[in-house]
$ cat start03.tsv   # TSV, C-alpha atoms
chain	number	residue	atom	x	y	z
R	89	MET	CA	-27.31	12.77	1.59
R	90	ASN	CA	-26.16	9.50	0.04
R	91	HIS	CA	-22.82	8.17	1.15
R	92	LYS	CA	-20.64	5.49	-0.35
R	93	TYR	CA	-20.61	2.51	1.94
R	94	ILE	CA	-19.15	-0.95	2.19
R	95	ASN	CA	-20.65	-4.16	3.50
R	96	HIS	CA	-18.12	-6.19	5.47
R	97	GLU	CA	-19.05	-9.78	6.26
R	98	ILE	CA	-18.01	-11.45	9.54
R	99	ARG	CA	-18.86	-14.87	10.98
R	100	VAL	CA	-19.47	-14.65	14.72
R	101	MET	CA	-17.14	-16.97	16.61
R	102	TYR	CA	-18.27	-18.93	19.67
R	103	ALA	CA	-15.63	-17.03	21.67
R	104	ASP	CA	-17.45	-13.75	20.84
R	105	THR	CA	-20.47	-14.80	22.90
R	106	ASP	CA	-21.18	-14.58	26.60
R	107	GLN	CA	-22.94	-16.82	29.09
R	108	MET	CA	-26.30	-15.87	27.54
R	109	LYS	CA	-25.01	-17.25	24.21
R	110	ILE	CA	-25.25	-13.86	22.50
R	111	VAL	CA	-22.44	-11.62	21.27
R	112	TRP	CA	-20.85	-9.84	24.22
R	113	HIS	CA	-21.51	-6.11	23.81
R	114	GLY	CA	-17.82	-5.09	23.65
R	115	ASN	CA	-17.21	-7.27	20.60
R	116	TYR	CA	-19.27	-4.94	18.46
R	117	LEU	CA	-16.35	-2.50	18.71
R	118	ARG	CA	-14.12	-5.17	17.16
R	119	TYR	CA	-16.64	-5.57	14.34
R	120	PHE	CA	-16.67	-1.80	13.83
R	121	GLU	CA	-12.87	-1.80	13.63
R	122	ALA	CA	-12.71	-4.69	11.16
R	123	ALA	CA	-15.13	-2.88	8.87
R	124	ARG	CA	-13.28	0.43	9.29
R	125	VAL	CA	-10.02	-1.18	8.16
R	126	GLU	CA	-11.78	-2.57	5.07
R	127	LEU	CA	-13.39	0.82	4.41
R	128	PHE	CA	-9.90	2.32	4.18
R	129	ARG	CA	-8.97	-0.23	1.54
R	130	THR	CA	-11.81	1.10	-0.64
R	131	PHE	CA	-10.06	4.49	-0.52
R	132	GLY	CA	-7.06	2.84	-2.15
R	133	MET	CA	-5.00	3.03	1.05
R	134	SER	CA	-4.61	0.64	3.94
R	135	TYR	CA	-4.51	1.72	7.57
R	136	LYS	CA	-0.84	0.77	7.56
R	137	GLU	CA	-0.14	3.04	4.58
R	138	PHE	CA	-2.01	5.88	6.26
R	139	GLU	CA	0.20	5.48	9.32
R	140	GLU	CA	3.31	5.45	7.11
R	141	TYR	CA	2.40	9.05	6.20
R	142	GLY	CA	2.84	9.84	9.90
R	143	PHE	CA	-0.82	9.97	10.94
R	144	MET	CA	-2.88	7.85	13.29
R	145	LEU	CA	-6.61	7.59	13.95
R	146	PRO	CA	-7.29	7.12	17.66
R	147	VAL	CA	-10.90	6.64	18.69
R	148	LYS	CA	-12.01	9.80	20.52
R	149	GLU	CA	-15.68	8.97	20.81
R	150	VAL	CA	-17.84	5.86	20.40
R	151	PHE	CA	-21.58	5.46	20.31
R	152	ILE	CA	-23.39	2.12	20.04
R	153	ASP	CA	-27.14	1.60	20.01
R	154	TYR	CA	-27.96	-2.09	20.57
R	155	LYS	CA	-31.24	-3.20	18.99
R	156	ALA	CA	-30.95	-7.01	18.90
R	157	SER	CA	-28.28	-9.65	19.44
R	158	ALA	CA	-26.19	-11.79	17.15
R	159	LYS	CA	-25.32	-15.36	18.15
R	160	SER	CA	-22.49	-17.78	17.56
R	161	ASP	CA	-22.07	-18.80	13.90
R	162	ASP	CA	-24.30	-15.99	12.62
R	163	ILE	CA	-22.92	-14.21	9.61
R	164	ILE	CA	-23.22	-10.50	10.15
R	165	ILE	CA	-22.89	-7.65	7.69
R	166	VAL	CA	-21.32	-4.43	8.94
R	167	LYS	CA	-22.44	-1.56	6.71
R	168	THR	CA	-19.87	1.23	7.08
R	169	TRP	CA	-19.46	4.73	5.66
R	170	VAL	CA	-17.82	8.11	6.32
R	171	ALA	CA	-20.45	10.47	7.72
R	172	THR	CA	-18.21	13.54	8.01
R	173	LEU	CA	-14.68	14.36	6.97
R	174	LYS	CA	-12.84	17.42	8.19
R	175	HIS	CA	-9.16	18.23	7.83
R	176	VAL	CA	-8.62	17.28	11.50
R	177	SER	CA	-11.12	14.46	12.07
R	178	MET	CA	-13.56	11.97	10.58
R	179	LYS	CA	-16.76	10.35	11.78
R	180	ILE	CA	-17.53	6.82	10.62
R	181	MET	CA	-20.99	5.26	10.83
R	182	TYR	CA	-21.87	1.58	11.25
R	183	GLU	CA	-24.98	-0.58	10.99
R	184	ILE	CA	-24.90	-4.32	11.69
R	185	TYR	CA	-27.38	-6.82	10.26
R	186	ILE	CA	-27.67	-10.60	10.08
R	187	LYS	CA	-26.75	-11.58	6.52
R	188	GLY	CA	-29.86	-11.93	4.40
R	189	SER	CA	-32.00	-9.98	6.88
R	190	GLU	CA	-33.04	-6.36	7.06
R	191	LYS	CA	-33.29	-6.54	10.86
R	192	LEU	CA	-30.95	-3.96	12.37
R	193	LEU	CA	-28.90	-5.43	15.25
R	194	THR	CA	-26.69	-2.49	16.13
R	195	LYS	CA	-25.87	0.95	14.86
R	196	GLY	CA	-23.30	3.47	15.94
R	197	TYR	CA	-20.35	5.63	15.10
R	198	THR	CA	-16.73	6.31	15.92
R	199	LEU	CA	-15.08	9.73	15.86
R	200	HIS	CA	-11.38	9.89	14.97
R	201	PRO	CA	-9.08	12.91	15.24
R	202	PHE	CA	-6.02	12.86	13.00
R	203	VAL	CA	-2.90	12.90	15.14
R	204	ASN	CA	0.76	12.91	14.22
R	205	SER	CA	3.39	10.53	15.52
R	206	ASP	CA	3.78	12.73	18.62
R	207	GLY	CA	0.08	12.23	19.42
R	208	LYS	CA	-0.81	15.84	18.63
R	209	LEU	CA	-3.88	16.88	16.65
R	210	SER	CA	-2.72	17.54	13.13
R	211	LYS	CA	-4.32	18.78	9.92
R	212	LEU	CA	-4.14	16.30	7.06
R	213	PRO	CA	-2.20	17.39	3.99
R	214	ASP	CA	-4.42	17.85	0.93
R	215	GLU	CA	-3.02	14.67	-0.64
R	216	LEU	CA	-4.34	12.50	2.20
R	217	TYR	CA	-7.55	14.46	2.60
R	218	ASN	CA	-8.32	13.91	-1.10
R	219	VAL	CA	-7.75	10.14	-0.72
R	220	LEU	CA	-10.26	10.02	2.16
R	221	GLN	CA	-12.66	12.30	0.30
R	222	LYS	CA	-13.19	9.43	-2.17
R	223	GLY	CA	-15.10	7.65	0.58
R	224	ILE	CA	-17.87	10.21	0.84
$ encode --input "start03.tsv" --output "structure tokens"
Amino acid sequence: MNHKYINHEIRVMYADTDQMKIVWHGNYLRYFEAARVELFRTFGMSYKEFEEYGFMLPVKEVFIDYKASAKSDDIIIVKTWVATLKHVSMKIMYEIYIKGSEKLLTKGYTLHPFVNSDGKLSKLPDELYNVLQKGI
């Protein structure tokens, strides 16, 4: 199945690297999040606007498969798309490459339940579901 995806560009900062001069593994989660926020903008709604409807997207599950490392000052591309959308959750996929290269550095996903302002699992109203459906 073909999914709509975005490519989000990020320049790796020196502070993102560790003593081995490669990107510290935990920073890939920050790159996933930056791309996820931009993915929402392609739906025509920012994360902030989504939260103004009374819903939040905590991360319930994360998977990262490290293939190769990025280094300081590399420009990386985070390819991001919605893999599955249900009325109570969504799964977002990520692939990270060095700009101009087809070499896969990292791939993974995040799983997000939809919760209300009380932190309880909540079904999205059709209006919001339809906005997110644009991303598939």
$ closest_residue --input "start03.tsv" --among "R:Val170, R:Ala156, R:Leu192, R:Ile110" --to "R:Lys222" --atoms "all atoms listed in the file"
R:Val170
$ closest_residue --input "start03.tsv" --among "R:Tyr197, R:Phe143, R:Ile180, R:Lys191" --to "R:Tyr217" --atoms "only C-alpha atoms"
R:Phe143
$ closest_residue --input "start03.tsv" --among "R:His200, R:Lys211, R:Lys167, R:Arg99" --to "R:Val150" --atoms "all atoms listed in the file"
R:His200
$ atom_distance --input "start03.tsv" --atom1 "atom CA of R:Gly114" --atom2 "atom CA of R:Ile98"
15.5 Å
$ closest_residue --input "start03.tsv" --among "R:Ser160, R:Gly223, R:Phe128, R:Thr172" --to "R:Gln107" --atoms "all atoms listed in the file"
R:Ser160
$ residues_around --input "start03.tsv" --residues "R:Lys208" --least-positions-apart "2" --cutoff "12 Å" --atoms "all atoms listed in the file" --output "JSON, numbers by chain"
{"R": [142, 143, 144, 145, 146, 176, 201, 202, 203, 204, 205, 206, 210, 211]}
$ atom_distance --input "start03.tsv" --atom1 "atom CA of R:His175" --atom2 "atom CA of R:Leu216"
9.4 Å
$ closest_residue --input "start03.tsv" --among "R:Phe120, R:Phe138, R:Phe131, R:Tyr154" --to "R:Lys92" --atoms "only C-alpha atoms"
R:Phe131
$ closest_residue --input "start03.tsv" --among "R:Val219, R:Leu117, R:Ile186, R:Val147" --to "R:Ile163" --atoms "only C-alpha atoms"
R:Ile186
$ atom_distance --input "start03.tsv" --atom1 "atom CA of R:Ser189" --atom2 "atom CA of R:Trp169"
19.4 Å
$ build_atoms --input "start03.tsv" --residues "stretch 116-144 of chain R" --atoms "N, CA and C atoms" --output "JSON list (two decimals), keeping the file's coordinate frame"
[["chain", "number", "residue", "atom", "x", "y", "z"],
["R", 116, "TYR", "N", -18.79, -5.75, 19.58],
["R", 116, "TYR", "CA", -19.27, -4.94, 18.46],
["R", 116, "TYR", "C", -18.24, -3.88, 18.07],
["R", 117, "LEU", "N", -17.44, -3.44, 19.04],
["R", 117, "LEU", "CA", -16.35, -2.50, 18.71],
["R", 117, "LEU", "C", -15.31, -3.16, 17.81],
["R", 118, "ARG", "N", -15.05, -4.44, 18.03],
["R", 118, "ARG", "CA", -14.12, -5.17, 17.16],
["R", 118, "ARG", "C", -14.70, -5.27, 15.75],
["R", 119, "TYR", "N", -16.00, -5.49, 15.65],
["R", 119, "TYR", "CA", -16.64, -5.57, 14.34],
["R", 119, "TYR", "C", -16.59, -4.22, 13.63],
["R", 120, "PHE", "N", -16.80, -3.14, 14.40],
["R", 120, "PHE", "CA", -16.67, -1.80, 13.83],
["R", 120, "PHE", "C", -15.25, -1.61, 13.27],
["R", 121, "GLU", "N", -14.26, -2.00, 14.05],
["R", 121, "GLU", "CA", -12.87, -1.80, 13.63],
["R", 121, "GLU", "C", -12.53, -2.61, 12.39],
["R", 122, "ALA", "N", -12.98, -3.86, 12.34],
["R", 122, "ALA", "CA", -12.71, -4.69, 11.16],
["R", 122, "ALA", "C", -13.30, -4.05, 9.91],
["R", 123, "ALA", "N", -14.50, -3.53, 10.02],
["R", 123, "ALA", "CA", -15.13, -2.88, 8.87],
["R", 123, "ALA", "C", -14.44, -1.57, 8.51],
["R", 124, "ARG", "N", -13.99, -0.83, 9.53],
["R", 124, "ARG", "CA", -13.28, 0.43, 9.29],
["R", 124, "ARG", "C", -11.99, 0.19, 8.51],
["R", 125, "VAL", "N", -11.26, -0.85, 8.87],
["R", 125, "VAL", "CA", -10.02, -1.18, 8.16],
["R", 125, "VAL", "C", -10.33, -1.50, 6.69],
["R", 126, "GLU", "N", -11.40, -2.24, 6.45],
["R", 126, "GLU", "CA", -11.78, -2.57, 5.07],
["R", 126, "GLU", "C", -12.28, -1.33, 4.33],
["R", 127, "LEU", "N", -12.95, -0.42, 5.03],
["R", 127, "LEU", "CA", -13.39, 0.82, 4.41],
["R", 127, "LEU", "C", -12.18, 1.59, 3.87],
["R", 128, "PHE", "N", -11.12, 1.63, 4.64],
["R", 128, "PHE", "CA", -9.90, 2.32, 4.18],
["R", 128, "PHE", "C", -9.37, 1.71, 2.89],
["R", 129, "ARG", "N", -9.45, 0.42, 2.76],
["R", 129, "ARG", "CA", -8.97, -0.23, 1.54],
["R", 129, "ARG", "C", -9.75, 0.26, 0.31],
["R", 130, "THR", "N", -11.03, 0.59, 0.50],
["R", 130, "THR", "CA", -11.81, 1.10, -0.64],
["R", 130, "THR", "C", -11.34, 2.49, -1.06],
["R", 131, "PHE", "N", -10.63, 3.19, -0.17],
["R", 131, "PHE", "CA", -10.06, 4.49, -0.52],
["R", 131, "PHE", "C", -8.80, 4.32, -1.36],
["R", 132, "GLY", "N", -8.31, 3.08, -1.45],
["R", 132, "GLY", "CA", -7.06, 2.84, -2.15],
["R", 132, "GLY", "C", -5.85, 2.97, -1.24],
["R", 133, "MET", "N", -6.08, 2.89, 0.07],
["R", 133, "MET", "CA", -5.00, 3.03, 1.05],
["R", 133, "MET", "C", -5.33, 2.20, 2.28],
["R", 134, "SER", "N", -4.39, 1.41, 2.72],
["R", 134, "SER", "CA", -4.61, 0.64, 3.94],
["R", 134, "SER", "C", -4.35, 1.51, 5.16],
["R", 135, "TYR", "N", -4.82, 1.05, 6.31],
["R", 135, "TYR", "CA", -4.51, 1.72, 7.57],
["R", 135, "TYR", "C", -3.00, 1.86, 7.74],
["R", 136, "LYS", "N", -2.30, 0.78, 7.42],
["R", 136, "LYS", "CA", -0.84, 0.77, 7.56],
["R", 136, "LYS", "C", -0.21, 1.87, 6.69],
["R", 137, "GLU", "N", -0.67, 2.00, 5.46],
["R", 137, "GLU", "CA", -0.14, 3.04, 4.58],
["R", 137, "GLU", "C", -0.45, 4.43, 5.11],
["R", 138, "PHE", "N", -1.64, 4.60, 5.67],
["R", 138, "PHE", "CA", -2.01, 5.88, 6.26],
["R", 138, "PHE", "C", -1.04, 6.23, 7.38],
["R", 139, "GLU", "N", -0.73, 5.25, 8.22],
["R", 139, "GLU", "CA", 0.20, 5.48, 9.32],
["R", 139, "GLU", "C", 1.61, 5.76, 8.83],
["R", 140, "GLU", "N", 1.98, 5.19, 7.68],
["R", 140, "GLU", "CA", 3.31, 5.45, 7.11],
["R", 140, "GLU", "C", 3.47, 6.91, 6.69],
["R", 141, "TYR", "N", 2.36, 7.62, 6.48],
["R", 141, "TYR", "CA", 2.40, 9.05, 6.20],
["R", 141, "TYR", "C", 2.61, 9.86, 7.48],
["R", 142, "GLY", "N", 2.60, 9.17, 8.64],
["R", 142, "GLY", "CA", 2.84, 9.84, 9.90],
["R", 142, "GLY", "C", 1.58, 10.24, 10.65],
["R", 143, "PHE", "N", 0.44, 9.64, 10.27],
["R", 143, "PHE", "CA", -0.82, 9.97, 10.94],
["R", 143, "PHE", "C", -1.44, 8.72, 11.55],
["R", 144, "MET", "N", -2.15, 8.93, 12.64],
["R", 144, "MET", "CA", -2.88, 7.85, 13.29],
["R", 144, "MET", "C", -4.32, 8.30, 13.53]]
